[in-house]
file target_38.txt (compact mmCIF, C-alpha atoms and all ligand atoms)
# COMPACT_ATOMS: atom_id res chain seq x y z
CA MET A 1476 69.52 103.55 97.05
CA ALA A 1477 72.92 105.13 97.61
CA ILE A 1478 74.49 107.98 99.57
CA LEU A 1479 76.40 110.60 97.59
CA VAL A 1480 79.52 111.82 99.37
CA LEU A 1481 80.62 115.09 97.78
CA GLY A 1482 84.22 115.87 98.60
CA GLY A 1483 84.64 112.22 99.56
CA ALA A 1484 88.32 112.13 98.58
CA GLY A 1485 89.31 114.61 101.30
CA TYR A 1486 90.41 113.94 104.85
CA ILE A 1487 87.10 113.67 106.73
CA GLY A 1488 85.25 112.63 103.55
CA SER A 1489 87.43 109.59 102.88
CA HIS A 1490 87.08 108.35 106.46
CA THR A 1491 83.31 108.78 106.18
CA VAL A 1492 83.17 106.88 102.88
CA LEU A 1493 84.92 103.95 104.54
CA ALA A 1494 82.65 104.06 107.60
CA LEU A 1495 79.53 104.18 105.39
CA LEU A 1496 80.68 101.15 103.40
CA GLN A 1497 81.49 99.29 106.62
CA ALA A 1498 78.00 100.13 107.91
CA GLY A 1499 76.51 98.53 104.78
CA HIS A 1500 75.53 101.67 102.83
CA LYS A 1501 75.88 101.90 99.08
CA VAL A 1502 78.14 104.88 98.41
CA VAL A 1503 78.80 107.10 95.40
CA VAL A 1504 81.68 109.56 95.65
CA ALA A 1505 82.24 112.84 93.81
CA ASP A 1506 85.26 115.11 94.15
CA ASN A 1507 87.11 117.65 92.00
CA LEU A 1508 90.42 116.32 93.39
CA THR A 1509 91.89 119.79 93.97
CA THR A 1510 92.64 118.94 97.59
CA GLY A 1511 91.44 115.33 97.76
CA TYR A 1512 93.11 112.15 96.60
CA ARG A 1513 91.68 109.34 94.48
CA ALA A 1514 94.02 106.99 96.39
CA ALA A 1515 92.11 107.75 99.59
CA LEU A 1516 89.04 106.00 98.17
CA PRO A 1517 88.09 102.33 98.07
CA LEU A 1518 87.73 101.08 94.50
CA GLU A 1519 84.29 99.62 95.14
CA ALA A 1520 82.65 103.07 95.44
CA PRO A 1521 81.66 104.55 92.04
CA PHE A 1522 83.64 107.78 91.57
CA TYR A 1523 82.65 110.95 89.70
CA HIS A 1524 85.37 113.50 89.01
CA LEU A 1525 83.32 116.68 89.17
CA ASP A 1526 83.12 120.10 90.75
CA VAL A 1527 80.09 120.84 92.92
CA ARG A 1528 79.52 124.09 90.99
CA ASN A 1529 79.01 122.13 87.76
CA ARG A 1530 75.23 121.77 87.58
CA ALA A 1531 75.28 119.70 84.39
CA ALA A 1532 77.66 117.18 85.93
CA LEU A 1533 75.52 116.95 89.08
CA ASP A 1534 72.37 116.49 86.98
CA LYS A 1535 74.03 113.65 85.11
CA LEU A 1536 75.10 111.99 88.35
CA PHE A 1537 71.63 112.32 89.91
CA ALA A 1538 70.02 110.96 86.73
CA THR A 1539 72.38 107.96 86.70
CA GLU A 1540 72.55 106.98 90.37
CA GLN A 1541 69.72 106.32 92.83
CA ILE A 1542 70.65 108.81 95.57
CA GLU A 1543 68.61 109.07 98.78
CA GLY A 1544 70.91 111.38 100.72
CA VAL A 1545 73.93 113.63 100.24
CA ILE A 1546 76.83 114.26 102.59
CA HIS A 1547 78.47 117.49 101.48
CA PHE A 1548 82.15 117.93 102.36
CA ALA A 1549 83.30 119.64 99.16
CA ALA A 1550 84.76 122.98 100.23
CA LEU A 1551 87.88 125.04 100.62
CA SER A 1552 88.79 124.89 104.30
CA LEU A 1553 91.91 126.88 105.16
CA VAL A 1554 91.24 129.80 107.48
CA GLY A 1555 94.37 131.75 106.48
CA GLU A 1556 93.81 131.23 102.75
CA SER A 1557 90.19 132.34 103.12
CA MET A 1558 91.37 135.74 104.32
CA GLN A 1559 93.55 136.12 101.20
CA GLN A 1560 91.03 134.69 98.72
CA PRO A 1561 87.55 135.59 100.00
CA LEU A 1562 85.93 135.57 96.55
CA GLN A 1563 87.26 132.11 95.84
CA TYR A 1564 85.89 130.90 99.18
CA TYR A 1565 82.44 132.35 98.58
CA ASP A 1566 82.42 130.92 95.06
CA ASN A 1567 83.57 127.44 95.98
CA ASN A 1568 81.72 127.09 99.27
CA LEU A 1569 78.55 129.19 99.09
CA HIS A 1570 77.97 129.09 95.33
CA GLY A 1571 78.84 125.37 95.38
CA ALA A 1572 76.22 124.69 98.05
CA LEU A 1573 73.64 126.72 96.11
CA VAL A 1574 74.19 124.74 92.90
CA LEU A 1575 74.02 121.50 94.87
CA LEU A 1576 70.71 122.48 96.49
CA GLN A 1577 69.25 123.46 93.12
CA ALA A 1578 70.28 120.13 91.62
CA MET A 1579 68.98 118.18 94.63
CA GLN A 1580 65.64 119.97 94.41
CA ALA A 1581 65.33 119.27 90.69
CA HIS A 1582 65.92 115.56 91.34
CA HIS A 1583 63.73 115.38 94.47
CA ILE A 1584 66.59 114.46 96.79
CA ASN A 1585 65.76 115.87 100.20
CA ASN A 1586 68.29 114.69 102.77
CA LEU A 1587 71.54 116.58 103.33
CA VAL A 1588 74.29 116.25 105.92
CA PHE A 1589 76.44 119.37 105.78
CA SER A 1590 80.05 119.86 106.95
CA SER A 1591 80.07 122.99 109.04
CA SER A 1592 82.75 124.17 111.43
CA ALA A 1593 83.51 125.55 114.87
CA ALA A 1594 84.76 128.53 112.86
CA VAL A 1595 81.14 129.76 112.69
CA TYR A 1596 81.36 130.81 116.36
CA GLY A 1597 84.33 133.18 116.11
CA GLU A 1598 85.48 134.33 119.55
CA PRO A 1599 83.32 132.21 121.89
CA GLU A 1600 81.07 133.90 124.42
CA GLN A 1601 81.48 130.92 126.78
CA VAL A 1602 83.30 127.58 126.91
CA PRO A 1603 82.17 124.87 126.38
CA ILE A 1604 80.36 126.26 123.36
CA LEU A 1605 76.69 125.39 122.88
CA GLU A 1606 75.00 125.20 119.50
CA THR A 1607 72.70 128.03 120.61
CA ASP A 1608 75.60 130.40 121.37
CA SER A 1609 76.04 133.36 119.09
CA ALA A 1610 77.79 132.72 115.80
CA GLN A 1611 80.00 135.65 114.77
CA PRO A 1612 82.76 134.32 112.52
CA THR A 1613 86.13 136.07 112.67
CA ASN A 1614 87.32 134.72 109.34
CA CYS A 1615 85.96 134.31 105.82
CA TYR A 1616 86.00 130.51 105.92
CA GLY A 1617 83.68 130.47 108.95
CA GLU A 1618 81.52 133.15 107.33
CA THR A 1619 80.95 130.96 104.25
CA LYS A 1620 79.98 127.99 106.46
CA LEU A 1621 77.53 130.13 108.44
CA ALA A 1622 76.07 131.56 105.22
CA ILE A 1623 75.44 128.00 104.00
CA GLU A 1624 73.74 127.09 107.29
CA ARG A 1625 71.40 130.07 106.82
CA LEU A 1626 70.81 129.07 103.19
CA LEU A 1627 69.88 125.55 104.33
CA PHE A 1628 67.48 126.96 106.89
CA TRP A 1629 65.62 129.14 104.40
CA ALA A 1630 65.65 126.53 101.64
CA SER A 1631 64.20 123.97 104.06
CA GLN A 1632 61.37 126.36 104.95
CA ALA A 1633 60.27 126.49 101.34
CA SER A 1634 60.84 122.90 100.21
CA ASN A 1635 61.09 119.30 101.35
CA LEU A 1636 64.79 119.70 102.12
CA ARG A 1637 65.85 118.42 105.53
CA TYR A 1638 69.38 118.81 106.78
CA VAL A 1639 71.79 118.23 109.62
CA SER A 1640 74.68 120.64 109.97
CA LEU A 1641 77.74 119.28 111.80
CA ARG A 1642 80.09 121.83 113.33
CA TYR A 1643 83.47 120.13 113.66
CA PHE A 1644 86.06 121.24 116.13
CA ASN A 1645 89.67 120.07 115.51
CA ALA A 1646 89.56 116.94 113.37
CA CYS A 1647 92.64 114.77 113.79
CA GLY A 1648 93.95 111.20 113.80
CA ALA A 1649 93.69 108.55 111.09
CA GLN A 1650 92.07 105.24 110.30
CA PRO A 1651 93.65 102.86 112.87
CA ASP A 1652 94.67 100.33 110.18
CA GLY A 1653 96.94 103.04 108.75
CA GLN A 1654 95.46 102.91 105.22
CA ILE A 1655 94.09 106.46 105.07
CA GLY A 1656 94.87 109.60 107.01
CA GLU A 1657 95.42 113.35 106.90
CA ALA A 1658 97.21 114.73 103.83
CA HIS A 1659 97.00 118.47 103.18
CA GLN A 1660 99.13 120.49 100.77
CA PRO A 1661 100.26 122.76 102.32
CA GLU A 1662 99.83 121.36 105.83
CA THR A 1663 98.71 123.93 108.39
CA HIS A 1664 97.25 121.75 111.17
CA LEU A 1665 98.97 121.29 114.48
CA ILE A 1666 99.25 117.50 114.88
CA PRO A 1667 100.60 116.68 111.38
CA LEU A 1668 103.05 119.59 111.66
CA ILE A 1669 104.27 118.32 115.05
CA LEU A 1670 104.77 114.83 113.60
CA GLN A 1671 106.88 116.21 110.75
CA VAL A 1672 109.61 116.81 113.36
CA PRO A 1673 110.18 113.16 114.37
CA LEU A 1674 109.83 112.27 110.67
CA GLY A 1675 112.84 114.51 109.97
CA GLN A 1676 110.84 116.80 107.67
CA ARG A 1677 110.93 119.81 110.01
CA GLN A 1678 113.46 120.83 112.65
CA LYS A 1679 111.08 122.25 115.22
CA LEU A 1680 107.51 123.30 115.76
CA ALA A 1681 106.62 126.98 115.88
CA VAL A 1682 104.22 127.54 118.80
CA TYR A 1683 101.95 130.41 117.78
CA GLY A 1684 101.91 132.43 120.97
CA ASP A 1685 102.57 131.55 124.63
CA ASP A 1686 100.89 134.58 126.18
CA TYR A 1687 97.24 133.57 125.90
CA PRO A 1688 95.09 133.66 129.05
CA THR A 1689 95.32 129.85 129.49
CA PRO A 1690 97.19 127.88 132.19
CA ASP A 1691 100.37 127.39 130.09
CA GLY A 1692 99.84 130.40 127.81
CA THR A 1693 99.19 128.38 124.63
CA CYS A 1694 95.86 128.01 122.80
CA ILE A 1695 93.39 125.36 123.87
CA ARG A 1696 91.48 123.34 121.27
CA ASP A 1697 89.08 120.41 121.22
CA TYR A 1698 90.67 117.53 119.26
CA VAL A 1699 88.24 114.97 117.89
CA HIS A 1700 89.17 111.78 116.05
CA VAL A 1701 88.25 111.65 112.38
CA CYS A 1702 86.71 108.16 112.76
CA ASP A 1703 84.41 109.48 115.48
CA LEU A 1704 83.44 112.30 113.12
CA ALA A 1705 82.74 109.72 110.41
CA GLN A 1706 80.40 107.82 112.75
CA ALA A 1707 78.56 111.05 113.57
CA HIS A 1708 77.84 111.52 109.85
CA ILE A 1709 76.25 108.08 109.66
CA LEU A 1710 74.11 108.86 112.71
CA ALA A 1711 73.09 112.21 111.21
CA LEU A 1712 72.19 110.54 107.94
CA ASN A 1713 70.13 107.86 109.70
CA HIS A 1714 68.39 110.61 111.68
CA LEU A 1715 67.29 112.20 108.40
CA LEU A 1716 66.40 108.93 106.68
CA GLN A 1717 64.20 108.07 109.67
CA GLY A 1718 62.34 111.37 109.26
CA GLY A 1719 64.19 113.40 111.90
CA ASP A 1720 64.03 117.20 112.00
CA ASN A 1721 66.59 119.72 110.80
CA ALA A 1722 69.35 120.10 113.37
CA VAL A 1723 72.76 121.59 114.10
CA PHE A 1724 75.30 119.68 116.20
CA ASN A 1725 78.73 120.42 117.60
CA LEU A 1726 81.19 117.58 117.13
CA GLY A 1727 84.09 117.69 119.54
CA SER A 1728 85.43 115.62 122.38
CA GLY A 1729 84.30 118.14 124.99
CA GLN A 1730 87.88 118.24 126.34
CA GLY A 1731 90.37 121.03 125.74
CA PHE A 1732 94.13 120.56 125.27
CA SER A 1733 96.72 123.27 124.95
CA VAL A 1734 99.38 123.31 122.22
CA GLN A 1735 101.92 122.39 124.93
CA GLN A 1736 99.83 119.45 126.09
CA VAL A 1737 99.52 118.18 122.51
CA LEU A 1738 103.29 118.50 122.13
CA ASP A 1739 103.94 116.58 125.36
CA CYS A 1740 101.61 113.84 124.24
CA ALA A 1741 103.30 113.62 120.81
CA ARG A 1742 106.72 113.40 122.51
CA GLN A 1743 105.44 110.50 124.56
CA VAL A 1744 103.97 108.69 121.55
CA THR A 1745 106.95 109.20 119.22
CA GLY A 1746 109.79 109.09 121.77
CA HIS A 1747 111.25 112.20 120.07
CA PRO A 1748 112.06 115.42 122.00
CA ILE A 1749 110.28 117.60 119.33
CA PRO A 1750 111.96 120.97 119.85
CA THR A 1751 109.87 124.11 119.64
CA GLU A 1752 110.26 127.84 119.22
CA ILE A 1753 107.81 130.47 120.36
CA ALA A 1754 106.46 132.40 117.37
CA PRO A 1755 104.02 135.34 117.25
CA ARG A 1756 100.31 134.68 117.67
CA ARG A 1757 98.52 133.65 114.49
CA PRO A 1758 95.95 136.33 113.63
CA GLY A 1759 92.37 135.27 114.39
CA ASP A 1760 93.23 132.39 116.78
CA PRO A 1761 90.84 132.42 119.77
CA ALA A 1762 92.48 131.42 123.09
CA ARG A 1763 90.10 128.60 123.82
CA LEU A 1764 87.66 126.56 121.71
CA VAL A 1765 85.96 123.61 123.36
CA ALA A 1766 82.68 122.05 122.28
CA SER A 1767 79.73 121.08 124.32
CA CYS A 1768 78.80 117.85 122.54
CA THR A 1769 75.94 116.89 124.83
CA LYS A 1770 73.39 117.54 122.11
CA ALA A 1771 74.99 115.11 119.62
CA ARG A 1772 75.35 112.49 122.34
CA GLN A 1773 71.75 112.85 123.48
CA GLN A 1774 69.95 113.36 120.19
CA LEU A 1775 72.08 111.31 117.79
CA GLY A 1776 73.35 108.77 120.31
CA TRP A 1777 76.93 109.66 119.31
CA GLN A 1778 79.58 107.97 121.44
CA PRO A 1779 83.12 108.93 120.47
CA GLN A 1780 85.48 105.97 120.80
CA PHE A 1781 88.75 107.91 120.89
CA THR A 1782 88.55 109.65 124.26
CA GLN A 1783 92.31 109.78 124.98
CA LEU A 1784 94.53 112.26 123.13
CA THR A 1785 97.37 109.70 123.25
CA ASP A 1786 95.30 107.18 121.29
CA ILE A 1787 94.37 109.84 118.74
CA ILE A 1788 97.99 110.84 118.22
CA LYS A 1789 99.03 107.19 117.98
CA THR A 1790 96.74 106.70 114.96
CA ALA A 1791 98.06 109.90 113.35
CA TRP A 1792 101.65 108.79 113.99
CA GLN A 1793 101.02 105.38 112.45
CA TRP A 1794 99.63 106.98 109.29
CA HIS A 1795 102.35 109.64 108.90
CA ARG A 1796 105.15 107.20 109.64
CA SER A 1797 103.93 104.79 106.98
CA HIS A 1798 103.01 107.57 104.49
CA PRO A 1799 105.58 110.35 105.09
CA ASN A 1800 104.55 112.01 101.81
CA GLY A 1801 100.85 111.38 102.16
CA TYR A 1802 99.27 109.88 99.05
CA THR A 1803 101.82 111.31 96.64
CA GLU A 1804 104.21 108.36 96.45
N1 LIG A 1901 99.44 125.92 116.04
C1 LIG A 1901 100.74 126.20 116.41
N2 LIG A 1901 101.73 125.97 115.51
C2 LIG A 1901 101.50 125.47 114.27
C3 LIG A 1901 100.16 125.19 113.89
C4 LIG A 1901 99.15 125.43 114.81
O1 LIG A 1901 101.01 126.66 117.52
O2 LIG A 1901 102.46 125.29 113.49
C5 LIG A 1901 98.37 126.15 117.01
C6 LIG A 1901 97.33 127.15 116.53
O3 LIG A 1901 97.71 128.45 116.86
C7 LIG A 1901 96.09 126.68 117.29
C8 LIG A 1901 96.29 125.16 117.43
O4 LIG A 1901 97.67 124.94 117.20
O5 LIG A 1901 96.09 127.22 118.56
C9 LIG A 1901 95.49 124.37 116.43
O6 LIG A 1901 95.71 124.90 115.13
P1 LIG A 1901 95.19 124.21 113.80
O7 LIG A 1901 95.64 125.05 112.66
O8 LIG A 1901 95.55 122.77 113.81
O9 LIG A 1901 93.61 124.25 113.96
P2 LIG A 1901 92.65 125.53 114.18
O10 LIG A 1901 92.16 125.42 115.59
O11 LIG A 1901 93.24 126.80 113.78
O12 LIG A 1901 91.56 125.22 113.08
C10 LIG A 1901 90.55 124.30 113.26
C11 LIG A 1901 90.16 123.69 111.91
C12 LIG A 1901 89.59 124.77 111.02
C13 LIG A 1901 88.47 125.47 111.71
C14 LIG A 1901 88.94 126.01 113.03
C15 LIG A 1901 87.82 126.60 113.82
O13 LIG A 1901 91.27 123.10 111.30
O14 LIG A 1901 89.09 124.17 109.85
O15 LIG A 1901 89.47 124.95 113.83
O16 LIG A 1901 88.29 127.65 114.57
F1 LIG A 1901 88.05 126.50 110.97
call {"tool": "encode", "arguments": {"input": "target_38.txt", "output": "C-alpha cells"}}
result
Amino acid sequence: MAILVLGGAGYIGSHTVLALLQAGHKVVVADNLTTGYRAALPLEAPFYHLDVRNRAALDKLFATEQIEGVIHFAALSLVGESMQQPLQYYDNNLHGALVLLQAMQAHHINNLVFSSSAAVYGEPEQVPILETDSAQPTNCYGETKLAIERLLFWASQASNLRYVSLRYFNACGAQPDGQIGEAHQPETHLIPLILQVPLGQRQKLAVYGDDYPTPDGTCIRDYVHVCDLAQAHILALNHLLQGGDNAVFNLGSGQGFSVQQVLDCARQVTGHPIPTEIAPRRPGDPARLVASCTKARQQLGWQPQFTQLTDIIKTAWQWHRSHPNGYTE
C-alpha cells in the first residue's frame, strides 16, 4: 500500500515525500506543477501530473495505485494573492478538497492528512496560540483553509473519513544535504528574501513596519523547519493508520522571533551586513504569531530537531547559495 502526496512537488510537499521514502513508505506523488517543481522529486516515486480538481484523473490514479492514505498539500498559498483572487483561491483550495474527498470516498480511502495554516486564526486572542482558540481568518487564504477544516469535520461525521489537520506556522529552512529547498515564484517569504541580499539579487530588505507593539517594533513569528514539518506529517499519518481519532494540531517551534532578530541571525550566518529599509506595514500582518505546540508533542510524540534559528537559517543559506535560481537552472 502507498501514500499519495498531492502537491508533493511543492516546498513542504517535496520535503515530506523525501521523509516518507526515508521512513520506508511507498509514495505516489501528484502535482499540477503550477507552483511545484518536478526536479524537487526523487525519481523513484511514481508521479502523476494532475490537478486535484480533475475527478477523472484522480479516479484513474486511485484505480491504478493501492493508496491507504492521502497527504493533501495541493493549494494556492499566498496571502496577498488570495485577497486579489478570492474566487481562484476558493476554486483551487475548497473545490479541490471537495473533489478529492468525493474521489477518496468512491475508492474507499479513508485517511487524510491535511495542510492547514496558522492563517486560520487571524488576529490571535492570546499568544502562544492554542488549537482551541477562536479561528477568525483575516485573509481569504486562511478562510479557504478553515472552510476545508469544517468540510473535513462534517464529511467525517457522515462517512469513514478520518483526518488530521496540521496548522503550520512559518515554514522555513531546507533539506540539510542541500538537494531540495524553498523555491517560490514570486518569493514573498522573509528568510528567502533576506538571503537574496547576500546572493547579490536584492540590495536591501524592506522591513514591513517597525511600530508594532513588540520589543523592537517588528513583527514576531514562529519559524519552524520544513524537515520538522515533514516528520510531523509522518506521525500524523501513522496516527491515522493506527486508528487514531480526527485531530487538529499546531506545528510551530513555540518560540517567537522578530523580523530584526531573523535579520541579525542571517547576518551572522552569511557574514553579510544585509542592509534594510523600513517600509509601511503589510496589510493583514498580525503583530505576533506564536504556536503552542504542546498538543503535537504530547499526542503525536513530535520532537522538532531544529530548535535554533541559526541552524534553520544555515540550511536555508546552503540551499539558496547552491541554487540561486531555485530549480530553474
Ligand atoms: N516581512 C518583511 N519584509 C519582507 C517579507 C516579510 O518585513 O520582505 C515580514 C512580514 O511582515 C512578517 C514576517 O516578515 O512579519 C514573516 O513574513 P512571511 O511573508 O515570511 O510570512 P507570514 O508570517 O506572512 O506568512 C506565513 C505563511 C503563510 C501563512 C501565514 C499565517 O507563509 O502561508 O504565515 O499568518 F498564511
call {"tool": "closest_residue", "arguments": {"input": "target_38.txt", "among": "A:Gln1780, A:Ser1552, A:Gln1774, A:Ser1728", "to": "ligand LIG 1901 (chain A)", "atoms": "all atoms listed in the file"}}
result
A:Ser1552
call {"tool": "closest_residue", "arguments": {"input": "target_38.txt", "among": "A:Asn1721, A:Gln1678, A:Ser1631, A:Gln1601", "to": "Leu1764 in chain A", "atoms": "all atoms listed in the file"}}
result
A:Gln1601
call {"tool": "closest_atom_pairs", "arguments": {"input": "target_38.txt", "of": "range 1663-1758 of chain A", "to": "range 1794-1801 of chain A", "cutoff": "12 Å", "atoms": "all atoms listed in the file", "output": "JSON lines"}}
result
{"residue": "A:Ile1666", "atom": "CA", "partner": "A:His1795", "partner_atom": "CA", "distance": 10.4}
{"residue": "A:Pro1667", "atom": "CA", "partner": "A:His1795", "partner_atom": "CA", "distance": 7.7}
{"residue": "A:Leu1668", "atom": "CA", "partner": "A:His1795", "partner_atom": "CA", "distance": 10.3}
{"residue": "A:Ile1669", "atom": "CA", "partner": "A:His1795", "partner_atom": "CA", "distance": 10.8}
{"residue": "A:Leu1670", "atom": "CA", "partner": "A:His1795", "partner_atom": "CA", "distance": 7.4}
{"residue": "A:Gln1671", "atom": "CA", "partner": "A:His1795", "partner_atom": "CA", "distance": 8.2}
{"residue": "A:Val1672", "atom": "CA", "partner": "A:His1795", "partner_atom": "CA", "distance": 11.1}
{"residue": "A:Pro1673", "atom": "CA", "partner": "A:Arg1796", "partner_atom": "CA", "distance": 9.1}
{"residue": "A:Leu1674", "atom": "CA", "partner": "A:Arg1796", "partner_atom": "CA", "distance": 7.0}
{"residue": "A:Gly1675", "atom": "CA", "partner": "A:Pro1799", "partner_atom": "CA", "distance": 9.7}
{"residue": "A:Gln1676", "atom": "CA", "partner": "A:Pro1799", "partner_atom": "CA", "distance": 8.7}
{"residue": "A:Arg1677", "atom": "CA", "partner": "A:Pro1799", "partner_atom": "CA", "distance": 11.9}
{"residue": "A:Thr1745", "atom": "CA", "partner": "A:Arg1796", "partner_atom": "CA", "distance": 10.0}
call {"tool": "closest_residue", "arguments": {"input": "target_38.txt", "among": "A:Glu1543, A:Glu1624, A:Asp1652, A:Glu1618", "to": "ligand LIG 1901 (chain A)", "atoms": "only C-alpha atoms and all ligand atoms"}}
result
A:Glu1618
call {"tool": "residues_around", "arguments": {"input": "target_38.txt", "residues": "Ala1505 in chain A", "least_positions_apart": "6", "cutoff": "8 Å", "atoms": "all atoms listed in the file", "output": "PyMOL selection string"}}
result
chain A and resi 1479-1484+1522-1526
call {"tool": "closest_atom_pairs", "arguments": {"input": "target_38.txt", "of": "chain A", "to": "ligand LIG 1901 (chain A)", "cutoff": "8 Å", "atoms": "all atoms listed in the file", "output": "CSV"}}
result
residue,atom,partner,partner_atom,distance
A:Ser1552,CA,A:LIG1901,O14,5.6
A:Leu1553,CA,A:LIG1901,O14,6.1
A:Val1554,CA,A:LIG1901,F1,5.8
A:Ser1592,CA,A:LIG1901,F1,5.8
A:Ala1593,CA,A:LIG1901,C15,4.6
A:Ala1594,CA,A:LIG1901,C15,3.7
A:Val1595,CA,A:LIG1901,C15,7.5
A:Tyr1596,CA,A:LIG1901,O16,7.8
A:Gly1597,CA,A:LIG1901,O16,7.0
A:Tyr1616,CA,A:LIG1901,F1,6.8
A:Gly1617,CA,A:LIG1901,F1,6.2
A:Tyr1643,CA,A:LIG1901,C13,7.6
A:Phe1644,CA,A:LIG1901,O15,5.5
A:Asn1645,CA,A:LIG1901,C10,4.9
A:Ala1646,CA,A:LIG1901,O13,6.7
A:Thr1663,CA,A:LIG1901,O7,5.4
A:His1664,CA,A:LIG1901,O8,3.3
A:Leu1665,CA,A:LIG1901,O8,3.8
A:Ile1666,CA,A:LIG1901,O8,6.5
A:Leu1668,CA,A:LIG1901,O2,6.0
A:Ile1669,CA,A:LIG1901,O2,7.4
A:Leu1680,CA,A:LIG1901,O2,5.9
A:Ala1681,CA,A:LIG1901,N2,5.0
A:Val1682,CA,A:LIG1901,O1,3.6
A:Tyr1683,CA,A:LIG1901,O1,3.9
A:Gly1684,CA,A:LIG1901,O1,6.8
A:Thr1693,CA,A:LIG1901,O5,6.9
A:Cys1694,CA,A:LIG1901,O5,4.3
A:Ile1695,CA,A:LIG1901,O5,6.2
A:Arg1696,CA,A:LIG1901,O10,6.1
A:Ser1733,CA,A:LIG1901,O5,7.5
A:Val1734,CA,A:LIG1901,O4,5.5
A:Ala1754,CA,A:LIG1901,O1,7.9
A:Arg1756,CA,A:LIG1901,O3,6.8
A:Arg1757,CA,A:LIG1901,O3,5.8
A:Asp1760,CA,A:LIG1901,O3,6.0
A:Pro1761,CA,A:LIG1901,O5,7.5
A:Ala1762,CA,A:LIG1901,O5,7.2
A:Leu1764,CA,A:LIG1901,O16,7.3
call {"tool": "residues_near_point", "arguments": {"input": "target_38.txt", "point": "(81.9, 123.3, 98.6)", "cutoff": "10 Å", "atoms": "all atoms listed in the file", "output": "list in words"}}
result
Leu1481, Gly1482, Asp1506, Asp1526, Val1527, Arg1528, His1547, Phe1548, Ala1549, Ala1550, Leu1551, Ser1552, Tyr1564, Tyr1565, Asp1566, Asn1567, Asn1568, Leu1569, His1570, Gly1571, Ala1572, Leu1573, Val1574, Leu1575, Phe1589, Ser1590, Thr1619, Lys1620 and Ile1623 of chain A
call {"tool": "residues_near_point", "arguments": {"input": "target_38.txt", "point": "(104.4, 125.4, 129.0)", "cutoff": "12 Å", "atoms": "all atoms listed in the file", "output": "list in words"}}
result
Val1682, Gly1684, Asp1685, Asp1686, Tyr1687, Thr1689, Pro1690, Asp1691, Gly1692, Thr1693, Cys1694, Phe1732, Ser1733, Val1734, Gln1735, Gln1736, Val1737, Leu1738, Asp1739, Thr1751, Glu1752 and Ile1753 of chain A
call {"tool": "atom_distance", "arguments": {"input": "target_38.txt", "atom1": "CA of Asp1534 in chain A", "atom2": "CA of Val1502 in chain A"}}
result
17.3 Å
call {"tool": "atom_distance", "arguments": {"input": "target_38.txt", "atom1": "CA of Leu1775 in chain A", "atom2": "CA of Ile1546 in chain A"}}
result
16.2 Å
